[in-house]
Amino acid sequence: MNKFFLVMWHTFWTRFKSKAFIISTAITLLVIFSLTNIDKIIEAFTGDEKEMIVLDDTDSTYEMVEASLKDIDHVSFELFEKPLDEGKRLVEEGEYDGFLHFVKEDDRFPNVYFYTEKGGISTVEMTIEQVLQQFKTMAATEEAGVNEEQLALINEPLQFEKIALSEGAKSEEEMNQARGIVYVMLFVLYMAIIIYGQMIASDVAVEKSSRVMEILISSAPPTTHMFAKIIGIALLGLSQMIIIVVFGFTLLRNKFEVIPDEVMTEFGFGDLSFSLYIYALVFFILGYLLYATIAAMLGSLVSRVEDVQQLIFPLIMLIIIAFMIAMVGLSMPEAKFITITSFIPFFAPMIMFLRVGMINVPIWEVALSISILILTIIILGWLAARVYRGGVLLYGPSRSLKDFKQALQLSKKEK
Amino acid sequence: MLKIENVTKRFGKHIAVNNLSLNIPENSLFGFLGGNGAGKTTSFRMILGLMEATDGQITWKGKPINDKMSSKIGYLPEERGLYPKLKVQEQLVYLAKLRGMTKQEAIAGVDYWLDRFKVPEYRHKKVEELSKGNQQKIQFMSAVLHKPELLILDEPFSGLDPVNVEMLQDAVVDLRKHGTTIVFSSHQMAQVEQLCRELCILVKGDAVVKGNLSDIKRSYGKKNVVIHSEEDLHFVEGLNGVINFKMYVDHCEFQIEEEKEAKTILQEVNDQVFVRKFAIEEPSLNDIFIEKVGASYE
């Protein structure tokens with residue numbers, strides 16, 4: 001057991017203080033920082049305020065909308081008293097960024113022309129259009145003799161609520177809440193398996209190709225060594241995630257002081273049942289163990305680090321397929337194929353969790369799925385330990401399946 | 001005592017080690033000789049418990065060897081087995097801790113061995129930056145740092161220059177003096193002859209020769225004869241009892257089955273030419289090896 005912790009710590013620590021780890025974490029933090037401060041960055045690049053001129057043929061329109069227009073950020077408006085062509089020329093020469101022209105249209109709200117130097121739609125134009133649209137609607141309804149209350153009634157959306165009648169079924173609202181946490185968990189599991197699975201496989205391959213493995217497994221049993229490595233990398237992943245989450249959370253805190261409730265509910269961190277978090281944890285751990293065990297086994301089969309990619313490809317494909325199924329399942333969790341795949345061990349960590357989160361699943365189904373998953377992990381762990389023991393002594397070009405058989409043979413006593 | 005009893009290892013139909021039995025007494029320096037692919041490394045891996053024997057068993061001091069014993073056993077694999085990216089001290093300490101040492105003990109050991117091998121400046125260098133010979137020194141340290149009772153060295157001297165070979169040999173001899181039992185394999189016959197009292201020669205998994213060096217030489221029977229003369233010695237090849245005749249510039253060498261044959265040969269040679277030197281010598285290990293291993297290639 002002591003050796004287990006020694007190998008685990010060594011795996012964790014040498015990776016943790018490596019340049020690759022520090023740089024990749026730093027880049028991730030930088031990305032998060034940029035994302036949370038995206039508004040400031042955009043502002044920095046958009047540069048100065050946009051200056052607009054307004055020519056009003058109606059005499060009264062600008063007066064009416066002026067206050068609202070001036071509320072728009074980063075744009076200033078200025079009434080223009082000279083002829084139309086003069087205004088167009090000034091915009092063309094770049095003196096102003098835009099030219100707004102209200103053209104009288106009988107008794108109705110005026111038509112609006114907007115001249116700019118270049119084509120294309122910017123957010124500023126869209127905002128201006130929205131503001132003016134409001135005024136137009138207001139003018140039109142007033143004309144028709146509709147008062148504000150009536151208008152609000154017209155605009156009110158339909159109340160449509162789905163109510164599931166079977167007991168314990170999840171309401172639409174609950175499902176929407178769950179969708180957030182399910183999505184986050186699926187994505188994190190997907191990333192973790194791809195990144196850390198590969199890390200395990202290449203770590204094993206490095207030890208094997210440098211032949212230090214012979215010394216290692218003569219010091220500690222291969223099984224201990226393999227699982228210590230898997231847990232060591234898991235710790236590494238965990239600490240990376242903690243760093244990222246804490247950093248991201250602190251940034252959000254600084255930005256909003258209090259995180260708005262909507263954001264929390266959006267991601268399902270609101271008042272979800274406690275059991276869902278437990279399920280997330282259980283399926284995450286089992287999913288990681290399953291894939292990590294296979295990754296370690298594959299890593300022990302190659303003799304050169306370069307071959308890891310080739311051998312681990314089917315594993316990556318498997319997790320991508322699982323992820324795709326899960327993405328489809330998010331919108332139709334009751335589908336037959338979702339039910340079926342939730343019992344297949346390679347997909348179960350994602351799909352069964354999705355079902356548990358989104359719909360009401362009988363407890364025996366969850367228990368069955370978890371049992372199948374655990375059983376698979378035990379069988380694979382046993383197999384992987386055998387392959388590992390033999391595989392690490394096997395050198396030569398990798399031919400995968402043949403190697404697999406040979407590795408098993410090497411590890412056993414022949415009769 | 002390291003006891004190897006009727007050990008056989010088969011890979012499918014291929015027999016790597018065939019019914020090998022050896023008793024290696026404690027505190028001895030035992031040589032494993034054999035051509036390439038003779039089964040030396042496989043034997044070592046079985047001794048270390050990296051592989052299980054198909055048949056037979058191996059015990060150290062009466063107990064089967066497993067990972068719980070790893071603190072008592074040191075191993076230097078044939079190919080360099082170190083983390084290329086780790087610094088010397090870092091990895092020596094890690095490997096020593098895996099074999100049950102504390103960090104302080106390990107660092108003290110690293111101090112001693114780096115000094116002894118005259119490479120203290122490598123302490124904080126990455127292994128991949130060192131030359132092959134210096135990597136081998138680090139490798140050797142990783143095998144002996146935890147003061148093992150039983151030390152297995154697979155080709156420890158290959159790829160080293162004469163100065164370093166000397167340095168490592170001294171270390172090996174020293175360790176034996178302090179009570180370590182050492183088993184090592186080598187292609188260098190002269191070295192084995194110089195270091196080991198006990199040895200075995202493996203040919204295709206069979207131990208064709210084993211035991212005490214002087215016993216082996218005696219039982220080999222054949223003796224080497226050297227004759228020096230200014231005159232032409234080619235006629236000697238035709239004399240009765242002369243085998244493996246080789247003519248050199250000023251002398252000839254050959255072997256005889258029994259010592260008494262030398263007497264008649266000396267008389268006959270003496271009749272024809274003036275003999276400046278006539279000597280009967282023990283066969284060298286090289287002669288024995290070439291005959292035993294060479295025969296298997298034919």
# chains A, B, ... in the order shown; residues from 1 in each chain; ligands from 1

call {"tool": "residues_around", "arguments": {"residues": "range 29-37 of chain A", "least_positions_apart": "5", "cutoff": "9 Å", "atoms": "only C-alpha atoms", "output": "PyMOL selection string"}}
result
chain A and resi 24+42+243-244+247-248+251-252+255

call {"tool": "write_last_selection", "arguments": {"atoms": "N, CA and C atoms", "output": "short mmCIF file (atom, residue, chain, number, x, y, z; two decimals), in the first residue's frame"}}
result
data_model
loop_
_atom_site.label_atom_id
_atom_site.label_comp_id
_atom_site.auth_asym_id
_atom_site.auth_seq_id
_atom_site.Cartn_x
_atom_site.Cartn_y
_atom_site.Cartn_z
N SER A 24 -0.32 24.47 -19.97
CA SER A 24 -1.69 24.19 -20.41
C SER A 24 -2.70 24.77 -19.42
N ILE A 42 -13.72 43.52 -26.19
CA ILE A 42 -14.36 44.01 -27.41
C ILE A 42 -14.30 45.53 -27.46
N ILE A 243 -8.27 24.15 -9.79
CA ILE A 243 -7.64 25.43 -10.09
C ILE A 243 -8.52 26.25 -11.03
N ILE A 244 -9.00 25.58 -12.08
CA ILE A 244 -9.79 26.29 -13.09
C ILE A 244 -11.12 26.78 -12.50
N PHE A 247 -10.60 29.61 -9.97
CA PHE A 247 -10.21 30.82 -10.69
C PHE A 247 -11.42 31.44 -11.39
N GLY A 248 -12.15 30.59 -12.11
CA GLY A 248 -13.31 31.08 -12.84
C GLY A 248 -14.35 31.67 -11.90
N LEU A 251 -13.32 35.04 -10.57
CA LEU A 251 -13.49 36.07 -11.59
C LEU A 251 -14.94 36.52 -11.67
N LEU A 252 -15.84 35.50 -11.71
CA LEU A 252 -17.27 35.82 -11.80
C LEU A 252 -17.70 36.63 -10.58
N LYS A 255 -16.74 40.10 -10.83
CA LYS A 255 -17.45 40.80 -11.89
C LYS A 255 -18.87 41.17 -11.44
#

call {"tool": "residues_around", "arguments": {"residues": "range 274-289 of chain B", "least_positions_apart": "3", "cutoff": "9 Å", "atoms": "only C-alpha atoms", "output": "ChimeraX atom specification"}}
result
/B:33-34,188-190,192-193,201,213,216-218,220-231,251,255,259,262,266,269-271,292-294

call {"tool": "write_last_selection", "arguments": {"atoms": "N, CA and C atoms", "output": "compact mmCIF listing (two decimals), in the first residue's frame"}}
result
# COMPACT_ATOMS: atom_id res chain seq x y z
N LEU B 33 27.21 -17.05 -18.29
CA LEU B 33 27.74 -16.83 -19.63
C LEU B 33 26.80 -17.45 -20.65
N GLY B 34 26.87 -16.96 -21.85
CA GLY B 34 26.04 -17.53 -22.89
C GLY B 34 25.99 -16.61 -24.08
N GLN B 188 32.28 -10.93 -21.70
CA GLN B 188 33.72 -10.78 -21.57
C GLN B 188 34.30 -11.91 -20.73
N MET B 189 34.89 -12.88 -21.42
CA MET B 189 35.38 -14.07 -20.72
C MET B 189 36.47 -13.75 -19.70
N ALA B 190 37.39 -12.90 -20.14
CA ALA B 190 38.52 -12.58 -19.27
C ALA B 190 38.01 -12.00 -17.95
N VAL B 192 35.03 -12.48 -16.51
CA VAL B 192 34.38 -13.49 -15.69
C VAL B 192 35.44 -14.35 -15.00
N GLU B 193 36.46 -14.68 -15.76
CA GLU B 193 37.54 -15.50 -15.23
C GLU B 193 38.21 -14.82 -14.04
N ILE B 201 27.51 -21.79 -18.07
CA ILE B 201 27.40 -21.37 -19.46
C ILE B 201 26.09 -21.91 -20.01
N LEU B 213 35.04 -22.67 -11.16
CA LEU B 213 35.87 -22.39 -12.34
C LEU B 213 37.01 -23.39 -12.50
N ILE B 216 35.75 -26.75 -13.51
CA ILE B 216 35.33 -26.74 -14.91
C ILE B 216 36.53 -26.91 -15.81
N LYS B 217 37.59 -26.17 -15.47
CA LYS B 217 38.79 -26.25 -16.30
C LYS B 217 39.39 -27.64 -16.26
N ARG B 218 39.39 -28.22 -15.06
CA ARG B 218 39.97 -29.55 -14.91
C ARG B 218 39.16 -30.57 -15.71
N TYR B 220 37.32 -30.12 -18.14
CA TYR B 220 37.35 -29.85 -19.58
C TYR B 220 38.37 -30.78 -20.23
N GLY B 221 39.45 -31.13 -19.47
CA GLY B 221 40.40 -32.15 -19.91
C GLY B 221 41.49 -31.61 -20.80
N LYS B 222 41.08 -30.99 -21.87
CA LYS B 222 42.07 -30.53 -22.83
C LYS B 222 43.01 -29.50 -22.21
N LYS B 223 44.25 -29.54 -22.69
CA LYS B 223 45.23 -28.55 -22.23
C LYS B 223 45.73 -27.77 -23.44
N ASN B 224 46.15 -26.59 -23.19
CA ASN B 224 46.75 -25.79 -24.25
C ASN B 224 48.27 -25.99 -24.21
N VAL B 225 48.87 -26.12 -25.39
CA VAL B 225 50.32 -26.24 -25.47
C VAL B 225 50.84 -25.12 -26.36
N VAL B 226 51.92 -24.51 -25.91
CA VAL B 226 52.54 -23.44 -26.70
C VAL B 226 53.99 -23.84 -26.98
N ILE B 227 54.40 -23.75 -28.24
CA ILE B 227 55.80 -24.03 -28.58
C ILE B 227 56.38 -22.81 -29.30
N HIS B 228 57.50 -22.31 -28.80
CA HIS B 228 58.20 -21.22 -29.45
C HIS B 228 59.45 -21.77 -30.11
N SER B 229 59.67 -21.39 -31.38
CA SER B 229 60.89 -21.81 -32.05
C SER B 229 61.17 -20.87 -33.20
N GLU B 230 62.47 -20.71 -33.56
CA GLU B 230 62.83 -19.86 -34.69
C GLU B 230 62.50 -20.59 -35.99
N GLU B 231 62.50 -21.93 -35.92
CA GLU B 231 62.35 -22.71 -37.15
C GLU B 231 60.89 -23.00 -37.47
N HIS B 251 55.49 -18.66 -32.97
CA HIS B 251 55.12 -19.78 -32.12
C HIS B 251 53.85 -20.44 -32.63
N GLN B 255 45.91 -27.81 -28.87
CA GLN B 255 45.39 -28.43 -27.67
C GLN B 255 45.67 -29.92 -27.70
N GLU B 259 47.39 -34.74 -20.66
CA GLU B 259 48.70 -34.15 -20.39
C GLU B 259 49.85 -35.06 -20.82
N ALA B 262 51.70 -34.80 -24.14
CA ALA B 262 52.66 -33.71 -24.33
C ALA B 262 54.09 -34.26 -24.37
N LEU B 266 56.64 -33.44 -27.30
CA LEU B 266 57.85 -32.66 -27.02
C LEU B 266 59.08 -33.37 -27.59
N VAL B 269 59.12 -33.05 -31.43
CA VAL B 269 59.44 -31.70 -31.88
C VAL B 269 60.92 -31.41 -31.64
N ASN B 270 61.37 -31.84 -30.49
CA ASN B 270 62.76 -31.61 -30.10
C ASN B 270 63.73 -32.29 -31.07
N ASP B 271 63.33 -33.43 -31.63
CA ASP B 271 64.16 -34.13 -32.60
C ASP B 271 64.37 -33.31 -33.86
N LYS B 292 31.98 -24.84 -26.40
CA LYS B 292 30.61 -25.21 -26.00
C LYS B 292 29.55 -24.46 -26.81
N VAL B 293 29.75 -23.16 -26.90
CA VAL B 293 28.73 -22.36 -27.58
C VAL B 293 28.86 -22.51 -29.09
N GLY B 294 30.13 -22.53 -29.55
CA GLY B 294 30.38 -22.67 -30.98
C GLY B 294 29.74 -23.93 -31.53

call {"tool": "closest_residue", "arguments": {"among": "A:Phe4, A:Tyr288, A:Phe109, A:Phe346", "to": "chain B", "atoms": "only C-alpha atoms"}}
result
A:Phe4

call {"tool": "interface_residues", "arguments": {"of": "chain B", "to": "chain A", "cutoff": "9 Å", "atoms": "only C-alpha atoms", "output": "PyMOL selection string"}}
result
chain B and resi 9-12+45+48-55+66-71+73-77+79-84+86+94-95+97-100+142-143

call {"tool": "atom_distance", "arguments": {"atom1": "CA of Phe284 in chain A", "atom2": "CA of Thr339 in chain A"}}
result
18.8 Å

call {"tool": "select_by_dssp", "arguments": {"residues": "range 89-291 of chain B", "states": "strand (DSSP E)", "output": "compact mmCIF listing (two decimals) with C-alpha atoms, in the first residue's frame"}}
result
# COMPACT_ATOMS: atom_id res chain seq x y z
CA LEU B 150 21.09 -10.18 -3.82
CA LEU B 151 22.27 -8.20 -6.81
CA ILE B 152 21.43 -9.19 -10.37
CA LEU B 153 23.52 -7.49 -13.03
CA ASP B 154 22.62 -8.11 -16.67
CA THR B 181 25.51 -12.06 -3.35
CA ILE B 182 26.04 -11.06 -6.94
CA VAL B 183 24.88 -12.77 -10.11
CA PHE B 184 25.97 -11.22 -13.34
CA SER B 185 26.09 -11.98 -17.02
CA GLU B 198 31.45 -19.98 -9.79
CA LEU B 199 29.78 -19.78 -13.16
CA CYS B 200 27.57 -21.44 -15.70
CA ILE B 201 27.40 -21.37 -19.46
CA LEU B 202 23.99 -21.41 -21.09
CA VAL B 203 23.49 -22.64 -24.62
CA ASP B 206 20.64 -25.48 -21.41
CA ALA B 207 23.32 -25.11 -18.79
CA VAL B 208 26.06 -26.99 -20.61
CA VAL B 209 28.72 -26.09 -18.07
CA LYS B 210 28.27 -25.12 -14.47
CA GLY B 211 30.15 -25.05 -11.21
CA ASN B 212 33.50 -23.99 -9.83
CA LYS B 223 45.23 -28.55 -22.23
CA ASN B 224 46.75 -25.79 -24.25
CA VAL B 225 50.32 -26.24 -25.47
CA VAL B 226 52.54 -23.44 -26.70
CA ILE B 227 55.80 -24.03 -28.58
CA HIS B 228 58.20 -21.22 -29.45
CA ILE B 243 44.10 -30.66 -32.15
CA ASN B 244 43.00 -27.14 -32.94
CA PHE B 245 46.43 -26.24 -34.27
CA LYS B 246 47.14 -22.56 -34.84
CA MET B 247 50.36 -21.16 -36.28
CA HIS B 251 55.12 -19.78 -32.12
CA CYS B 252 52.29 -22.27 -32.45
CA GLU B 253 49.44 -23.17 -30.17
CA PHE B 254 47.36 -26.31 -30.04
CA GLN B 255 45.39 -28.43 -27.67
CA ILE B 256 45.87 -31.96 -26.44
CA LYS B 277 59.93 -22.61 -25.09
CA PHE B 278 57.52 -25.44 -24.48
CA ALA B 279 54.63 -24.84 -22.11
CA ILE B 280 51.47 -26.68 -21.02
CA GLU B 281 48.71 -24.28 -19.92

call {"tool": "closest_residue", "arguments": {"among": "B:Met167, B:Ala96, B:Leu239, B:Cys196", "to": "Lys72 in chain B", "atoms": "only C-alpha atoms"}}
result
B:Ala96

call {"tool": "select_by_dssp", "arguments": {"residues": "range 153-321 of chain A", "states": "helix (DSSP H, G or I)", "output": "MDAnalysis selection string"}}
result
chainID A and resid 153:155 172:209 212:219 222:256 261:266 274:301 305:321

call {"tool": "write_last_selection", "arguments": {"atoms": "C-alpha atoms", "output": "compact mmCIF listing (two decimals), in the first residue's frame"}}
result
# COMPACT_ATOMS: atom_id res chain seq x y z
CA LEU A 153 -52.32 42.21 -23.33
CA ILE A 154 -51.71 41.73 -27.05
CA ASN A 155 -48.05 41.10 -26.56
CA GLU A 172 -40.61 20.55 -17.70
CA GLU A 173 -38.95 22.99 -15.34
CA GLU A 174 -37.03 20.28 -13.51
CA MET A 175 -35.90 18.82 -16.81
CA ASN A 176 -34.57 22.14 -17.98
CA GLN A 177 -32.68 22.55 -14.75
CA ALA A 178 -31.24 19.06 -15.01
CA ARG A 179 -30.22 19.60 -18.61
CA GLY A 180 -27.63 22.12 -17.44
CA ILE A 181 -25.84 19.89 -14.95
CA VAL A 182 -26.13 16.88 -17.26
CA TYR A 183 -24.54 18.84 -20.04
CA VAL A 184 -21.72 20.10 -17.82
CA MET A 185 -21.04 16.64 -16.42
CA LEU A 186 -21.06 15.01 -19.88
CA PHE A 187 -18.69 17.56 -21.24
CA VAL A 188 -16.28 17.41 -18.32
CA LEU A 189 -16.24 13.60 -18.42
CA TYR A 190 -15.66 13.67 -22.15
CA MET A 191 -12.74 16.08 -21.83
CA ALA A 192 -11.28 14.29 -18.83
CA ILE A 193 -11.26 10.93 -20.58
CA ILE A 194 -9.72 12.28 -23.75
CA ILE A 195 -7.04 14.35 -22.01
CA TYR A 196 -6.17 12.21 -19.02
CA GLY A 197 -6.70 8.86 -20.75
CA GLN A 198 -4.12 9.85 -23.28
CA MET A 199 -1.86 11.05 -20.51
CA ILE A 200 -2.02 7.67 -18.76
CA ALA A 201 -1.33 5.75 -21.94
CA SER A 202 1.65 7.89 -22.89
CA ASP A 203 2.99 7.87 -19.32
CA VAL A 204 3.01 4.09 -19.33
CA ALA A 205 4.54 4.06 -22.79
CA VAL A 206 7.31 6.42 -21.70
CA GLU A 207 8.20 4.19 -18.77
CA LYS A 208 8.12 1.17 -20.97
CA SER A 209 10.15 2.61 -23.82
CA VAL A 212 12.59 1.84 -16.42
CA MET A 213 9.51 -0.35 -16.21
CA GLU A 214 11.59 -3.45 -15.61
CA ILE A 215 12.98 -1.84 -12.49
CA LEU A 216 9.62 -0.50 -11.42
CA ILE A 217 7.73 -3.75 -11.66
CA SER A 218 10.51 -5.63 -9.94
CA SER A 219 9.98 -3.19 -7.06
CA PRO A 222 2.37 -4.33 -11.87
CA THR A 223 -1.23 -4.15 -10.68
CA THR A 224 -0.30 -1.77 -7.86
CA HIS A 225 1.75 0.21 -10.27
CA MET A 226 -0.99 0.45 -12.86
CA PHE A 227 -3.74 1.53 -10.48
CA ALA A 228 -1.42 3.94 -8.67
CA LYS A 229 -0.76 5.54 -12.02
CA ILE A 230 -4.45 5.78 -12.85
CA ILE A 231 -5.24 7.41 -9.51
CA GLY A 232 -2.19 9.67 -9.73
CA ILE A 233 -3.35 11.05 -13.06
CA ALA A 234 -6.88 11.37 -11.66
CA LEU A 235 -5.49 13.53 -8.86
CA LEU A 236 -3.69 15.61 -11.43
CA GLY A 237 -6.91 16.11 -13.36
CA LEU A 238 -8.77 16.92 -10.20
CA SER A 239 -6.28 19.56 -9.14
CA GLN A 240 -6.34 21.09 -12.60
CA MET A 241 -10.12 21.26 -12.49
CA ILE A 242 -10.09 22.75 -9.01
CA ILE A 243 -7.64 25.43 -10.09
CA ILE A 244 -9.79 26.29 -13.09
CA VAL A 245 -13.09 26.27 -11.21
CA VAL A 246 -11.78 28.35 -8.31
CA PHE A 247 -10.21 30.82 -10.69
CA GLY A 248 -13.31 31.08 -12.84
CA PHE A 249 -15.55 31.42 -9.80
CA THR A 250 -13.40 34.19 -8.32
CA LEU A 251 -13.49 36.07 -11.59
CA LEU A 252 -17.27 35.82 -11.80
CA ARG A 253 -17.52 36.93 -8.18
CA ASN A 254 -15.42 39.98 -8.86
CA LYS A 255 -17.45 40.80 -11.89
CA PHE A 256 -20.94 40.42 -10.55
CA ASP A 261 -29.79 33.44 -9.73
CA GLU A 262 -30.60 32.94 -13.40
CA VAL A 263 -27.04 31.85 -14.13
CA MET A 264 -27.14 29.33 -11.32
CA THR A 265 -30.45 27.86 -12.41
CA GLU A 266 -29.42 27.90 -16.04
CA PHE A 274 -28.89 16.21 -3.80
CA SER A 275 -28.99 12.68 -5.22
CA LEU A 276 -28.26 13.98 -8.71
CA TYR A 277 -24.90 15.29 -7.54
CA ILE A 278 -24.13 11.93 -6.02
CA TYR A 279 -25.04 10.24 -9.30
CA ALA A 280 -22.82 12.68 -11.18
CA LEU A 281 -19.93 11.80 -8.90
CA VAL A 282 -20.51 8.04 -9.12
CA PHE A 283 -20.85 7.96 -12.88
CA PHE A 284 -17.89 10.28 -13.32
CA ILE A 285 -15.62 8.10 -11.20
CA LEU A 286 -16.77 4.87 -12.81
CA GLY A 287 -16.50 6.32 -16.29
CA TYR A 288 -13.01 7.58 -15.64
CA LEU A 289 -11.89 4.26 -14.14
CA LEU A 290 -13.27 2.28 -17.06
CA TYR A 291 -11.56 4.30 -19.73
CA ALA A 292 -8.36 4.90 -17.74
CA THR A 293 -7.92 1.17 -17.21
CA ILE A 294 -8.18 0.53 -20.93
CA ALA A 295 -5.81 3.40 -21.63
CA ALA A 296 -3.20 1.99 -19.24
CA MET A 297 -3.55 -1.41 -20.87
CA LEU A 298 -3.09 0.04 -24.34
CA GLY A 299 -0.12 2.08 -23.17
CA SER A 300 1.59 -1.06 -21.90
CA LEU A 301 1.35 -2.66 -25.33
CA VAL A 305 5.68 6.60 -27.38
CA GLU A 306 4.85 7.54 -30.98
CA ASP A 307 2.64 4.47 -31.30
CA VAL A 308 0.35 5.49 -28.46
CA GLN A 309 -1.82 7.68 -30.69
CA GLN A 310 -2.46 4.88 -33.10
CA LEU A 311 -3.45 2.37 -30.46
CA ILE A 312 -5.56 4.72 -28.39
CA PHE A 313 -7.59 5.90 -31.38
CA PRO A 314 -10.37 3.29 -31.05
CA LEU A 315 -10.78 4.28 -27.41
CA ILE A 316 -11.17 7.94 -28.35
CA MET A 317 -13.69 6.96 -31.02
CA LEU A 318 -15.68 5.09 -28.41
CA ILE A 319 -15.92 8.08 -26.12
CA ILE A 320 -16.78 10.37 -29.02
CA ILE A 321 -19.64 8.04 -29.99

call {"tool": "closest_residue", "arguments": {"among": "B:Val165, B:Ile4, B:Ala108, B:Leu160", "to": "Ile65 in chain B", "atoms": "only C-alpha atoms"}}
result
B:Ile4

call {"tool": "residues_around", "arguments": {"residues": "range 112-123 of chain B", "least_positions_apart": "4", "cutoff": "12 Å", "atoms": "only C-alpha atoms", "output": "PyMOL selection string"}}
result
chain B and resi 86-93+105-108+127-131+133-147+163-171+174

call {"tool": "closest_residue", "arguments": {"among": "B:Pro148, B:Gly31, B:Gly109, B:Pro25", "to": "Lys61 in chain B", "atoms": "only C-alpha atoms"}}
result
B:Pro25

call {"tool": "residues_around", "arguments": {"residues": "Ser21 in chain B", "least_positions_apart": "5", "cutoff": "8 Å", "atoms": "only C-alpha atoms", "output": "ChimeraX atom specification"}}
result
/B:3-7

call {"tool": "atom_distance", "arguments": {"atom1": "CA of Ala385 in chain A", "atom2": "CA of Ala16 in chain B"}}
result
23.9 Å

call {"tool": "atom_distance", "arguments": {"atom1": "CA of Leu330 in chain A", "atom2": "CA of Ile377 in chain A"}}
result
25.9 Å

call {"tool": "decode", "arguments": {"residues": "range 165-188 of chain B", "atoms": "C-alpha atoms", "output": "PDB file, in the first residue's frame"}}
result
ATOM      1  CA  VAL B 165      34.926  -0.981 -16.382  1.00  0.00           C
ATOM      2  CA  GLU B 166      37.667  -0.991 -13.769  1.00  0.00           C
ATOM      3  CA  MET B 167      35.683   1.375 -11.572  1.00  0.00           C
ATOM      4  CA  LEU B 168      32.543  -0.740 -11.753  1.00  0.00           C
ATOM      5  CA  GLN B 169      34.453  -3.974 -11.241  1.00  0.00           C
ATOM      6  CA  ASP B 170      36.006  -2.595  -8.090  1.00  0.00           C
ATOM      7  CA  ALA B 171      32.580  -1.627  -6.857  1.00  0.00           C
ATOM      8  CA  VAL B 172      31.250  -5.113  -7.559  1.00  0.00           C
ATOM      9  CA  VAL B 173      34.143  -6.773  -5.766  1.00  0.00           C
ATOM     10  CA  ASP B 174      33.705  -4.398  -2.836  1.00  0.00           C
ATOM     11  CA  LEU B 175      30.020  -5.179  -2.560  1.00  0.00           C
ATOM     12  CA  ARG B 176      30.758  -8.883  -2.467  1.00  0.00           C
ATOM     13  CA  LYS B 177      33.293  -8.326   0.277  1.00  0.00           C
ATOM     14  CA  HIS B 178      30.574  -6.639   2.279  1.00  0.00           C
ATOM     15  CA  GLY B 179      28.341  -9.641   1.939  1.00  0.00           C
ATOM     16  CA  THR B 180      26.276  -9.066  -1.182  1.00  0.00           C
ATOM     17  CA  THR B 181      25.513 -12.058  -3.348  1.00  0.00           C
ATOM     18  CA  ILE B 182      26.045 -11.061  -6.944  1.00  0.00           C
ATOM     19  CA  VAL B 183      24.883 -12.774 -10.105  1.00  0.00           C
ATOM     20  CA  PHE B 184      25.973 -11.219 -13.340  1.00  0.00           C
ATOM     21  CA  SER B 185      26.091 -11.984 -17.017  1.00  0.00           C
ATOM     22  CA  SER B 186      28.775 -10.981 -19.431  1.00  0.00           C
ATOM     23  CA  HIS B 187      30.254 -11.639 -22.831  1.00  0.00           C
ATOM     24  CA  GLN B 188      33.724 -10.777 -21.568  1.00  0.00           C
TER      25      GLN B 188
END
